file work_28.csv (CSV, C-alpha atoms and all ligand atoms)
chain,number,residue,atom,x,y,z
T,1500,MET,CA,5.8,-6.0,-101.9
T,1501,LYS,CA,8.9,-5.0,-103.9
T,1502,GLN,CA,12.1,-4.6,-101.7
T,1503,PHE,CA,14.5,-1.6,-102.3
T,1504,LYS,CA,18.1,-1.6,-101.3
T,1505,PHE,CA,17.7,1.8,-99.7
T,1506,PRO,CA,19.5,2.4,-96.4
T,1507,THR,CA,16.5,2.8,-94.1
T,1508,SER,CA,18.4,3.0,-90.8
T,1509,LYS,CA,19.1,6.8,-91.4
T,1510,PRO,CA,17.0,8.1,-94.3
T,1511,ASP,CA,18.9,11.4,-95.2
T,1512,LEU,CA,20.6,12.9,-98.2
T,1513,THR,CA,23.7,10.8,-97.5
T,1514,ALA,CA,21.6,7.7,-97.8
T,1515,VAL,CA,20.1,9.0,-101.1
T,1516,ALA,CA,23.6,9.8,-102.4
T,1517,GLN,CA,24.7,6.3,-101.6
T,1518,TYR,CA,21.6,4.9,-103.3
T,1519,LEU,CA,22.4,7.0,-106.4
T,1520,SER,CA,26.2,6.9,-106.6
T,1521,THR,CA,26.5,3.1,-106.2
T,1522,GLY,CA,24.1,2.7,-109.2
T,1523,THR,CA,21.5,0.9,-107.0
T,1524,ALA,CA,18.8,3.4,-108.1
T,1525,LYS,CA,18.3,2.8,-111.8
T,1526,SER,CA,14.7,4.0,-112.6
T,1527,ILE,CA,14.1,7.4,-111.1
T,1528,VAL,CA,10.8,9.2,-111.5
T,1529,VAL,CA,10.9,13.0,-110.8
T,1530,MET,CA,7.7,15.0,-110.1
T,1531,VAL,CA,8.0,18.8,-110.2
T,1532,GLY,CA,6.2,22.1,-110.0
T,1533,ALA,CA,6.7,25.8,-110.3
T,1534,GLY,CA,9.2,26.0,-107.5
T,1535,ILE,CA,12.0,24.5,-109.6
T,1536,SER,CA,11.7,27.5,-112.0
T,1537,THR,CA,11.5,30.4,-109.5
T,1538,ALA,CA,15.3,30.7,-109.5
T,1539,ALA,CA,15.0,31.2,-113.2
T,1540,GLY,CA,12.8,34.3,-112.7
T,1541,ILE,CA,9.4,32.6,-113.2
T,1542,PRO,CA,7.1,33.2,-110.2
T,1543,ASP,CA,5.3,30.2,-108.8
T,1544,PHE,CA,1.6,30.3,-108.1
T,1545,ARG,CA,1.0,30.1,-104.3
T,1546,SER,CA,4.1,31.5,-102.5
T,1547,PRO,CA,3.0,34.3,-100.3
T,1548,LYS,CA,3.9,37.8,-101.6
T,1549,THR,CA,5.7,36.7,-104.8
T,1550,GLY,CA,3.3,33.9,-106.0
T,1551,LEU,CA,1.2,34.8,-109.1
T,1552,TYR,CA,-2.1,33.9,-107.4
T,1553,HIS,CA,-1.4,36.3,-104.5
T,1554,ASN,CA,-0.9,39.2,-106.8
T,1555,LEU,CA,-3.4,38.2,-109.5
T,1556,SER,CA,-6.3,38.0,-107.0
T,1557,ARG,CA,-5.8,41.8,-106.3
T,1558,LEU,CA,-5.9,42.7,-109.9
T,1559,ASN,CA,-9.6,42.6,-110.4
T,1560,LEU,CA,-10.0,39.0,-111.5
T,1561,PRO,CA,-13.1,37.3,-110.1
T,1562,TYR,CA,-10.6,35.0,-108.3
T,1563,ALA,CA,-6.9,34.4,-109.0
T,1564,GLU,CA,-7.2,31.0,-110.7
T,1565,ALA,CA,-9.6,32.6,-113.3
T,1566,VAL,CA,-6.5,33.3,-115.4
T,1567,PHE,CA,-6.5,29.5,-116.1
T,1568,ASP,CA,-10.3,29.0,-116.2
T,1569,ILE,CA,-11.8,28.1,-119.6
T,1570,ASP,CA,-15.1,29.9,-119.0
T,1571,TYR,CA,-13.4,33.1,-117.9
T,1572,PHE,CA,-11.0,32.7,-120.9
T,1573,ARG,CA,-14.1,32.6,-123.2
T,1574,ARG,CA,-15.3,35.9,-121.8
T,1575,LYS,CA,-11.9,37.7,-121.2
T,1576,PRO,CA,-8.9,36.0,-122.9
T,1577,GLU,CA,-6.7,39.1,-122.3
T,1578,ALA,CA,-5.7,38.1,-118.7
T,1579,PHE,CA,-4.3,34.7,-119.9
T,1580,TYR,CA,-2.5,36.3,-122.9
T,1581,MET,CA,-1.0,39.0,-120.7
T,1582,LEU,CA,0.5,36.2,-118.6
T,1583,ALA,CA,1.4,34.1,-121.7
T,1584,GLN,CA,3.5,37.0,-123.1
T,1585,GLU,CA,5.7,36.9,-120.0
T,1586,LEU,CA,5.8,33.1,-119.5
T,1587,TYR,CA,6.4,32.2,-123.1
T,1588,PRO,CA,9.4,29.9,-123.5
T,1589,GLY,CA,12.8,31.2,-124.7
T,1590,LYS,CA,13.3,34.0,-122.2
T,1591,PHE,CA,14.5,32.0,-119.2
T,1592,ARG,CA,17.6,30.0,-118.4
T,1593,PRO,CA,17.1,26.6,-116.8
T,1594,THR,CA,18.1,26.3,-113.1
T,1595,MET,CA,20.6,24.0,-111.5
T,1596,PHE,CA,17.6,21.6,-110.7
T,1597,HIS,CA,16.7,21.4,-114.4
T,1598,SER,CA,20.4,20.5,-115.2
T,1599,PHE,CA,20.2,17.8,-112.5
T,1600,LEU,CA,17.4,16.2,-114.5
T,1601,LYS,CA,19.7,16.2,-117.5
T,1602,LEU,CA,22.5,14.7,-115.4
T,1603,LEU,CA,20.2,11.8,-114.3
T,1604,GLU,CA,19.3,11.1,-118.0
T,1605,ASP,CA,23.0,11.2,-119.0
T,1606,ARG,CA,23.8,8.7,-116.3
T,1607,GLY,CA,21.0,6.5,-117.7
T,1608,VAL,CA,18.9,6.4,-114.5
T,1609,LEU,CA,16.0,8.8,-115.4
T,1610,ARG,CA,12.8,7.0,-116.1
T,1611,ARG,CA,10.6,10.1,-116.5
T,1612,VAL,CA,10.0,13.7,-115.3
T,1613,TYR,CA,6.4,14.6,-114.6
T,1614,THR,CA,6.2,18.3,-114.7
T,1615,GLN,CA,3.3,20.7,-113.9
T,1616,ASN,CA,5.2,23.5,-115.5
T,1617,ILE,CA,4.6,25.0,-119.0
T,1618,ASP,CA,8.0,26.7,-119.3
T,1619,THR,CA,9.6,23.7,-121.1
T,1620,LEU,CA,12.8,24.4,-119.1
T,1621,GLU,CA,13.3,20.6,-118.7
T,1622,GLU,CA,13.8,20.2,-122.4
T,1623,ILE,CA,15.7,23.5,-122.7
T,1624,ALA,CA,18.1,22.0,-120.1
T,1625,GLY,CA,18.6,19.1,-122.6
T,1626,VAL,CA,16.3,16.4,-121.2
T,1627,SER,CA,14.9,14.3,-124.1
T,1628,PRO,CA,11.2,14.9,-125.0
T,1629,GLU,CA,10.3,11.3,-124.5
T,1630,LYS,CA,11.5,11.6,-120.9
T,1631,VAL,CA,9.2,14.5,-120.1
T,1632,VAL,CA,5.4,14.4,-119.4
T,1633,TYR,CA,3.8,17.8,-119.4
T,1634,ALA,CA,1.0,17.0,-117.0
T,1635,HIS,CA,-0.6,20.4,-117.3
T,1636,GLY,CA,0.2,20.8,-121.0
T,1637,SER,CA,2.6,23.3,-122.6
T,1638,PHE,CA,2.9,26.0,-125.3
T,1639,ALA,CA,4.1,23.3,-127.8
T,1640,THR,CA,0.7,23.1,-129.6
T,1641,ASN,CA,-2.4,25.3,-129.9
T,1642,HIS,CA,-6.0,24.7,-130.8
T,1643,CYS,CA,-9.3,26.6,-131.2
T,1644,ILE,CA,-11.4,26.2,-128.1
T,1645,ASP,CA,-14.6,25.8,-130.2
T,1646,CYS,CA,-13.8,23.7,-133.4
T,1647,HIS,CA,-10.4,22.4,-132.1
T,1648,LYS,CA,-8.6,23.4,-135.4
T,1649,GLU,CA,-4.9,23.5,-134.7
T,1650,MET,CA,-2.9,26.7,-135.1
T,1651,SER,CA,0.8,26.6,-135.7
T,1652,LYS,CA,3.4,28.1,-133.3
T,1653,VAL,CA,4.3,30.6,-136.0
T,1654,ASP,CA,0.8,31.8,-136.4
T,1655,ILE,CA,0.0,32.1,-132.7
T,1656,GLU,CA,3.3,33.9,-132.1
T,1657,ALA,CA,2.4,36.3,-134.9
T,1658,PHE,CA,-0.9,37.2,-133.1
T,1659,MET,CA,0.9,37.5,-129.8
T,1660,LYS,CA,3.6,39.7,-131.3
T,1661,LYS,CA,0.8,42.2,-132.2
T,1662,ASP,CA,-0.8,41.8,-128.8
T,1663,ASP,CA,-3.8,40.4,-130.6
T,1664,ILE,CA,-5.9,37.5,-129.2
T,1665,PRO,CA,-5.4,34.6,-131.6
T,1666,LYS,CA,-8.6,33.7,-133.5
T,1667,CYS,CA,-9.4,30.5,-135.4
T,1668,SER,CA,-9.3,30.9,-139.3
T,1669,ARG,CA,-12.1,28.4,-139.6
T,1670,CYS,CA,-14.8,29.4,-137.0
T,1671,GLY,CA,-13.5,32.7,-135.5
T,1672,GLY,CA,-13.3,31.1,-132.1
T,1673,TYR,CA,-10.5,32.0,-129.6
T,1674,VAL,CA,-7.3,29.9,-129.9
T,1675,LYS,CA,-5.2,29.0,-126.9
T,1676,PRO,CA,-2.0,27.0,-126.3
T,1677,ASP,CA,-2.7,23.4,-125.1
T,1678,ILE,CA,-2.1,24.3,-121.5
T,1679,VAL,CA,-4.5,22.4,-119.2
T,1680,PHE,CA,-7.0,24.9,-117.8
T,1681,PHE,CA,-9.1,24.1,-114.7
T,1682,GLY,CA,-11.9,21.8,-115.8
T,1683,GLU,CA,-10.0,20.4,-118.8
T,1684,ASN,CA,-8.6,16.9,-119.1
T,1685,LEU,CA,-4.9,16.2,-118.6
T,1686,PRO,CA,-3.0,15.0,-121.8
T,1687,ALA,CA,-3.6,11.4,-122.7
T,1688,ARG,CA,0.1,10.7,-122.5
T,1689,PHE,CA,0.0,11.4,-118.8
T,1690,PHE,CA,-2.5,8.6,-118.2
T,1691,LYS,CA,-0.8,6.3,-120.7
T,1692,LEU,CA,2.7,6.4,-119.2
T,1693,LEU,CA,1.9,6.8,-115.5
T,1694,PRO,CA,1.0,3.2,-114.4
T,1695,GLY,CA,4.2,1.7,-115.9
T,1696,ASP,CA,6.4,4.5,-114.6
T,1697,LEU,CA,5.0,4.4,-111.0
T,1698,ASP,CA,5.5,0.6,-111.0
T,1699,ALA,CA,9.0,0.7,-112.4
T,1700,ALA,CA,10.2,3.5,-110.1
T,1701,ASP,CA,12.9,2.6,-107.5
T,1702,LEU,CA,13.2,6.3,-106.4
T,1703,VAL,CA,10.8,9.2,-106.6
T,1704,ILE,CA,12.1,12.8,-106.3
T,1705,VAL,CA,9.5,15.5,-105.7
T,1706,ALA,CA,10.5,19.2,-106.0
T,1707,GLY,CA,9.0,22.7,-106.1
T,1708,THR,CA,5.4,21.9,-105.7
T,1709,SER,CA,2.6,22.6,-103.2
T,1710,LEU,CA,0.9,19.3,-104.2
T,1711,GLN,CA,-2.4,21.2,-104.2
T,1712,VAL,CA,-3.8,20.3,-107.7
T,1713,HIS,CA,-5.2,16.8,-108.4
T,1714,PRO,CA,-4.6,14.3,-110.0
T,1715,PHE,CA,-0.9,15.3,-109.9
T,1716,ALA,CA,-1.0,15.9,-106.2
T,1717,SER,CA,-1.8,12.2,-105.5
T,1718,LEU,CA,1.2,10.8,-107.5
T,1719,PRO,CA,3.8,10.7,-104.7
T,1720,SER,CA,1.5,8.7,-102.4
T,1721,GLN,CA,0.9,6.1,-105.2
T,1722,VAL,CA,4.5,4.7,-105.1
T,1723,SER,CA,6.0,2.1,-102.8
T,1724,CYS,CA,9.7,3.0,-103.4
T,1725,PRO,CA,11.8,5.5,-101.4
T,1726,ARG,CA,10.8,9.2,-101.8
T,1727,VAL,CA,12.8,12.4,-101.5
T,1728,LEU,CA,11.3,15.9,-101.2
T,1729,PHE,CA,13.1,19.1,-102.1
T,1730,ASN,CA,10.8,22.0,-101.2
T,1731,LEU,CA,10.6,25.2,-99.2
T,1732,GLU,CA,8.0,23.6,-97.0
T,1733,SER,CA,6.8,20.0,-96.4
T,1734,VAL,CA,3.9,19.0,-98.6
T,1735,GLY,CA,1.6,16.1,-99.3
T,1736,ASP,CA,2.0,13.0,-97.1
T,1737,PHE,CA,5.8,13.4,-96.9
T,1738,GLY,CA,7.0,12.4,-93.4
T,1739,ARG,CA,4.4,9.6,-93.0
T,1740,ARG,CA,6.8,6.9,-94.2
T,1741,LYS,CA,10.0,6.1,-92.2
T,1742,THR,CA,12.0,6.0,-95.5
T,1743,ASP,CA,10.9,9.5,-96.6
T,1744,VAL,CA,13.8,12.0,-97.0
T,1745,ILE,CA,12.7,15.7,-96.7
T,1746,LYS,CA,15.2,18.4,-97.6
T,1747,LEU,CA,13.5,21.8,-96.9
T,1748,GLY,CA,14.9,25.0,-98.5
T,1749,PRO,CA,15.6,26.1,-102.0
T,1750,CYS,CA,15.7,23.0,-104.3
T,1751,ASP,CA,18.8,24.2,-106.2
T,1752,GLU,CA,20.8,24.3,-102.9
T,1753,GLY,CA,19.4,20.8,-101.9
T,1754,ILE,CA,20.3,19.3,-105.2
T,1755,GLU,CA,23.8,20.8,-105.1
T,1756,GLN,CA,24.3,19.3,-101.7
T,1757,LEU,CA,23.1,15.9,-103.0
T,1758,VAL,CA,25.4,15.9,-106.1
T,1759,GLU,CA,28.3,16.9,-104.0
T,1760,LEU,CA,27.8,13.8,-101.8
T,1761,CYS,CA,27.6,11.7,-105.0
T,1762,LYS,CA,30.8,13.4,-106.3
T,1763,TRP,CA,28.8,14.5,-109.4
T,1764,ASP,CA,29.2,18.2,-108.7
T,1765,LYS,CA,31.6,18.9,-111.6
T,1766,GLN,CA,29.3,17.1,-114.1
T,1767,LEU,CA,26.3,19.2,-112.9
T,1768,LYS,CA,28.2,22.5,-113.1
T,1769,ASP,CA,29.4,21.6,-116.7
T,1770,LEU,CA,25.8,20.8,-117.7
T,1771,TRP,CA,24.4,24.0,-116.2
T,1772,THR,CA,27.2,26.1,-117.8
T,1773,LYS,CA,26.1,24.8,-121.2
T,1774,THR,CA,22.6,26.3,-120.6
T,1775,ALA,CA,23.9,29.8,-120.5
T,1776,LYS,CA,23.3,30.3,-124.2
T,1777,THR,CA,19.7,29.0,-124.0
T,1778,ALA,CA,18.1,32.2,-122.7
T,1779,ASN,CA,18.1,35.6,-124.4
T,1780,VAL,CA,17.6,37.4,-121.1
T,1781,ALA,CA,20.5,39.9,-120.7
T,1782,GLU,CA,23.0,38.4,-118.3
T,1783,GLU,CA,23.3,41.5,-116.1
T,1784,GLU,CA,19.5,41.8,-115.9
T,1785,ASP,CA,17.9,40.1,-112.8
T,1786,ALA,CA,15.4,37.8,-114.6
T,1787,ALA,CA,13.5,37.2,-111.4
T,1788,SER,CA,12.6,40.8,-110.7
T,1789,ALA,CA,12.4,41.7,-114.5
T,1790,SER,CA,9.9,39.1,-115.4
T,1791,GLN,CA,7.8,39.5,-112.2
T,1792,LYS,CA,7.7,43.3,-112.7
T,1793,LYS,CA,6.6,42.8,-116.4
T,1794,ILE,CA,3.9,40.3,-115.4
T,1795,LEU,CA,2.4,42.6,-112.7
T,1796,LYS,CA,2.7,45.7,-114.9
T,1797,ALA,CA,0.8,43.9,-117.7
T,1798,LEU,CA,-1.8,42.7,-115.3
T,1799,ALA,CA,-2.1,46.1,-113.6
T,1800,THR,CA,-3.2,47.5,-117.0
T,1801,THR,CA,-5.8,44.7,-117.2
T,1802,ALA,CA,-7.1,46.0,-113.8
T,1803,ALA,CA,-7.2,49.6,-115.1
T,1804,ALA,CA,-9.1,48.5,-118.2
T,1805,ASN,CA,-11.5,46.4,-116.1
T,1806,ALA,CA,-12.0,49.4,-113.7
T,1807,GLU,CA,-12.9,51.6,-116.7
T,1808,ASP,CA,-15.3,49.0,-118.0
T,1809,ALA,CA,-16.8,48.7,-114.5
T,1810,SER,CA,-17.2,52.5,-114.0
T,1811,ALA,CA,-18.6,52.9,-117.5
T,1812,SER,CA,-21.2,50.2,-116.9
T,1813,LYS,CA,-22.0,51.6,-113.4
T,1814,GLU,CA,-22.3,55.1,-114.8
T,1815,GLU,CA,-25.0,53.8,-117.2
T,1816,SER,CA,-26.9,52.0,-114.4
T,1817,SER,CA,-26.6,54.9,-111.9
T,1818,ALA,CA,-27.6,57.4,-114.6
T,1819,GLU,CA,-30.9,55.5,-114.8
T,1820,GLU,CA,-31.3,55.6,-111.1
T,1821,GLY,CA,-30.1,59.3,-111.2
T,1822,SER,CA,-28.0,58.7,-108.0
T,1823,GLU,CA,-25.1,61.2,-108.6
T,1824,GLU,CA,-23.3,60.7,-105.2
T,1825,GLU,CA,-23.4,56.9,-105.6
T,1826,ASP,CA,-21.7,57.4,-109.0
T,1827,GLU,CA,-18.7,59.3,-107.4
T,1828,SER,CA,-18.3,56.6,-104.8
T,1829,LEU,CA,-18.5,53.8,-107.3
T,1830,ALA,CA,-15.9,55.5,-109.6
T,1831,GLN,CA,-13.8,56.0,-106.4
T,1832,ASP,CA,-14.0,52.2,-105.7
T,1833,ASP,CA,-12.7,51.4,-109.1
T,1834,LEU,CA,-9.9,53.9,-108.7
T,1835,ASP,CA,-9.1,52.3,-105.3
T,1836,GLU,CA,-9.0,49.0,-107.1
T,1837,VAL,CA,-6.5,50.2,-109.6
T,1838,GLN,CA,-4.5,51.9,-106.8
T,1839,GLN,CA,-4.4,48.5,-105.0
T,1840,ALA,CA,-3.1,46.9,-108.2
T,1841,ILE,CA,-0.3,49.5,-108.5
T,1842,GLU,CA,0.5,48.9,-104.8
T,1843,ALA,CA,0.6,45.2,-105.4
T,1844,PHE,CA,3.1,45.8,-108.2
T,1845,ASN,CA,5.3,48.1,-106.1
T,1846,GLU,CA,5.0,45.7,-103.1
T,1847,LEU,CA,6.2,42.9,-105.3
T,1848,GLU,CA,9.2,45.0,-106.4
T,1849,ILE,CA,10.1,45.5,-102.8
T,1850,ALA,CA,9.5,41.8,-102.0
T,1851,VAL,CA,11.6,40.7,-105.0
T,1852,ALA,CA,14.3,43.2,-104.1
T,1853,SER,CA,14.5,42.0,-100.5
T,1854,GLU,CA,14.1,38.4,-101.7
T,1855,ASP,CA,11.3,38.2,-99.3
T,1856,ALA,CA,9.8,34.9,-100.5
T,1857,THR,CA,8.8,33.5,-97.2
T,1858,ALA,CA,8.6,29.7,-96.9
T,1859,SER,CA,5.3,29.4,-95.1
T,1860,LYS,CA,2.6,27.4,-96.9
T,1861,SER,CA,0.2,29.6,-98.7
T,1862,GLU,CA,-3.3,29.6,-97.1
T,1863,SER,CA,-4.7,30.5,-100.5
T,1864,ALA,CA,-3.8,27.1,-101.9
T,1865,VAL,CA,-6.6,25.7,-103.9
T,1866,GLU,CA,-7.5,22.0,-104.2
T,1867,LYS,CA,-9.2,21.7,-107.7
T,1868,ALA,CA,-9.8,18.5,-109.7
T,1869,LYS,CA,-8.1,18.9,-113.0
T,1870,VAL,CA,-9.7,15.9,-114.6
K,1,LIG,N1,12.9,25.7,-104.0
K,1,LIG,C1,12.0,24.8,-103.4
K,1,LIG,N2,10.7,25.0,-103.3
K,1,LIG,C2,10.2,26.2,-103.8
K,1,LIG,C3,11.0,27.2,-104.4
K,1,LIG,C4,12.4,26.9,-104.5
K,1,LIG,N3,13.3,27.8,-105.0
K,1,LIG,N4,10.2,28.2,-104.8
K,1,LIG,C5,9.0,27.9,-104.5
K,1,LIG,N5,9.0,26.7,-103.9
K,1,LIG,C6,7.8,25.9,-103.4
K,1,LIG,C7,6.7,26.7,-102.7
K,1,LIG,O1,7.0,26.8,-101.3
K,1,LIG,C8,5.5,25.8,-103.0
K,1,LIG,O2,5.4,24.8,-102.0
K,1,LIG,O3,7.2,25.3,-104.6
K,1,LIG,C9,5.8,25.2,-104.4
K,1,LIG,C10,5.1,25.9,-105.5
K,1,LIG,O4,3.7,25.6,-105.4
K,1,LIG,P1,2.7,26.3,-106.4
K,1,LIG,O5,3.0,27.8,-106.5
K,1,LIG,O6,1.3,25.9,-105.9
K,1,LIG,O7,3.0,25.7,-107.8
K,1,LIG,P2,2.6,24.2,-108.3
K,1,LIG,O8,2.6,23.2,-107.2
K,1,LIG,O9,3.5,24.0,-109.5
K,1,LIG,O10,1.1,24.5,-108.8
K,1,LIG,C11,0.5,23.4,-109.4
K,1,LIG,O11,-1.4,24.8,-109.8
K,1,LIG,O12,-2.6,26.5,-110.6
K,1,LIG,C12,-2.1,25.3,-111.0
K,1,LIG,O13,-1.6,24.8,-113.2
K,1,LIG,C13,-1.1,25.4,-112.1
K,1,LIG,O14,0.6,23.7,-112.5
K,1,LIG,C14,0.1,24.6,-111.5
K,1,LIG,C15,-0.5,23.8,-110.4
call {"tool": "encode", "arguments": {"input": "work_28.csv", "output": "structure tokens"}}
result
Amino acid sequence: MKQFKFPTSKPDLTAVAQYLSTGTAKSIVVMVGAGISTAAGIPDFRSPKTGLYHNLSRLNLPYAEAVFDIDYFRRKPEAFYMLAQELYPGKFRPTMFHSFLKLLEDRGVLRRVYTQNIDTLEEIAGVSPEKVVYAHGSFATNHCIDCHKEMSKVDIEAFMKKDDIPKCSRCGGYVKPDIVFFGENLPARFFKLLPGDLDAADLVIVAGTSLQVHPFASLPSQVSCPRVLFNLESVGDFGRRKTDVIKLGPCDEGIEQLVELCKWDKQLKDLWTKTAKTANVAEEEDAASASQKKILKALATTAAANAEDASASKEESSAEEGSEEEDESLAQDDLDEVQQAIEAFNELEIAVASEDATASKSESAVEKAKV
């Protein structure tokens, strides 16, 4: 069993800072999720009130994760593309945590970042592509879901600009970015690099993830080296090992505390300042509320469209049965559904305004194999 010169007597941020600043930790593997991008204005998935799945599930989808379900996409690609419009890279500025990843690479101690995120903020913060593994894919490439013909970024962006669903020029099938949907395989690069990286790691940092989706969720328990968690709540099997360091709370605050202890705070601030020009979000605009409002507004229109479909099809069926009064109540149900969607959108506005992202673990978390 490999030995690590990590001060186990008192495993806390000071011990981690000592392990880092003395140059003892030389091969750091970082594993992240949507929580490292919430401060950039991109909602995570499972946080109560502000998480996408909490709001999506009230917007007339069969279930919230359907937005990333390949079978649902085949039937109704609009929901995914509504979301893609708002999550598409280029609108958001990296967070302090993303700049910390760049700092680790600049100091020559970053082995790899395994990210579940599709926002590419790791590379936008300056991390080299070869240092990043997009475990759940990204917007970088796009393929037809039927004949797998590739579509260029330029072409797919042209479709998205017109709010059209991208269609394959060869077979007419729907085209989607190579984001891993539930039921699809993770990228080959993930499986190729993982064994060597887990074996070489002398420190694993996990941040901003509920560790609910496999196989990513099992990664932290596969290493023998010291582990640090920066998360709003404790997740996975953190706490089971006496060397585990758990820093609960916003990951940007946790990481700023760590770099201050390492005396790397100026370097981090300089790196983050450089990211100001990477986003074309108007500085004074609050990206958090702006993007969440846009996502919900876009999806509320999906709900309205679905409600219309539903009442139209129910009108046909109830016309056959000739049940007038049932017809009114059905139409009323659909209108209630849309009303709920608008309420969800308004509620989110209040939640975002009052920064009411509570830290409790979401009971709606979903364990779904992604392989
Ligand atoms: N600082 C620290 N932790 C945060 C912050 C923050 N600022 N904001 C949110 N979190 C935490 C939440 O408390 C939660 O534990 O980050 C975690 C986010 O969990 P999820 O919303 O489940 O996101 P993630 O773990 O990335 O989801 C994994 O699920 O649906 C799939 O493909 C999707 O890649 C995604 C995967």
call {"tool": "closest_residue", "arguments": {"input": "work_28.csv", "among": "T:Gly1589, T:Gly1534, T:Gly1636, T:Gly1550", "to": "Val1705 of chain T", "atoms": "all atoms listed in the file"}}
result
T:Gly1534
call {"tool": "residues_near_ligand", "arguments": {"input": "work_28.csv", "ligand": "ligand LIG 1 (chain K)", "cutoff": "6 Å", "atoms": "only C-alpha atoms and all ligand atoms", "output": "VMD selection string"}}
result
chain T and resid 1532 to 1535 1537 to 1538 1543 to 1546 1615 to 1616 1635 1707 to 1710 1712 1729 to 1732 1748 to 1750 1858
call {"tool": "write_last_selection", "arguments": {"input": "work_28.csv", "atoms": "C-alpha atoms", "output": "mmCIF file, in the coordinates of the input"}}
result
data_model
loop_
_atom_site.group_PDB
_atom_site.id
_atom_site.type_symbol
_atom_site.label_atom_id
_atom_site.label_comp_id
_atom_site.auth_asym_id
_atom_site.auth_seq_id
_atom_site.Cartn_x
_atom_site.Cartn_y
_atom_site.Cartn_z
ATOM 1 C CA GLY T 1532 6.200 22.100 -110.000
ATOM 2 C CA ALA T 1533 6.700 25.800 -110.300
ATOM 3 C CA GLY T 1534 9.200 26.000 -107.500
ATOM 4 C CA ILE T 1535 12.000 24.500 -109.600
ATOM 5 C CA THR T 1537 11.500 30.400 -109.500
ATOM 6 C CA ALA T 1538 15.300 30.700 -109.500
ATOM 7 C CA ASP T 1543 5.300 30.200 -108.800
ATOM 8 C CA PHE T 1544 1.600 30.300 -108.100
ATOM 9 C CA ARG T 1545 1.000 30.100 -104.300
ATOM 10 C CA SER T 1546 4.100 31.500 -102.500
ATOM 11 C CA GLN T 1615 3.300 20.700 -113.900
ATOM 12 C CA ASN T 1616 5.200 23.500 -115.500
ATOM 13 C CA HIS T 1635 -0.600 20.400 -117.300
ATOM 14 C CA GLY T 1707 9.000 22.700 -106.100
ATOM 15 C CA THR T 1708 5.400 21.900 -105.700
ATOM 16 C CA SER T 1709 2.600 22.600 -103.200
ATOM 17 C CA LEU T 1710 0.900 19.300 -104.200
ATOM 18 C CA VAL T 1712 -3.800 20.300 -107.700
ATOM 19 C CA PHE T 1729 13.100 19.100 -102.100
ATOM 20 C CA ASN T 1730 10.800 22.000 -101.200
ATOM 21 C CA LEU T 1731 10.600 25.200 -99.200
ATOM 22 C CA GLU T 1732 8.000 23.600 -97.000
ATOM 23 C CA GLY T 1748 14.900 25.000 -98.500
ATOM 24 C CA PRO T 1749 15.600 26.100 -102.000
ATOM 25 C CA CYS T 1750 15.700 23.000 -104.300
ATOM 26 C CA ALA T 1858 8.600 29.700 -96.900
#
call {"tool": "residues_around", "arguments": {"input": "work_28.csv", "residues": "Asn1684 of chain T", "least_positions_apart": "4", "cutoff": "12 Å", "atoms": "all atoms listed in the file", "output": "list in words"}}
result
Ile1569, Ala1634, His1635, Gly1636, Asp1677, Ile1678, Val1679, Phe1680, Arg1688, Phe1689, Phe1690, His1713, Pro1714, Ala1868, Lys1869 and Val1870 of chain T
call {"tool": "residues_around", "arguments": {"input": "work_28.csv", "residues": "Lys1652 of chain T", "least_positions_apart": "2", "cutoff": "12 Å", "atoms": "only C-alpha atoms", "output": "MDAnalysis selection string"}}
result
chainID T and resid 1587:1588 1637:1642 1649:1650 1654:1660 1665 1674:1677
call {"tool": "atom_distance", "arguments": {"input": "work_28.csv", "atom1": "atom CA of Thr1513 of chain T", "atom2": "atom CA of Pro1593 of chain T"}}
result
25.8 Å
call {"tool": "atom_distance", "arguments": {"input": "work_28.csv", "atom1": "atom CA of Val1727 of chain T", "atom2": "atom CA of Met1530 of chain T"}}
result
10.3 Å
call {"tool": "atom_distance", "arguments": {"input": "work_28.csv", "atom1": "atom CA of Asp1511 of chain T", "atom2": "atom CA of Lys1601 of chain T"}}
result
22.8 Å
call {"tool": "closest_residue", "arguments": {"input": "work_28.csv", "among": "T:Lys1548, T:Phe1505, T:His1553, T:Gly1672", "to": "Leu1702 of chain T", "atoms": "all atoms listed in the file"}}
result
T:Phe1505
call {"tool": "closest_residue", "arguments": {"input": "work_28.csv", "among": "T:Asp1701, T:Glu1752, T:Glu1564, T:Asp1769", "to": "Ser1598 of chain T", "atoms": "only C-alpha atoms"}}
result
T:Asp1769
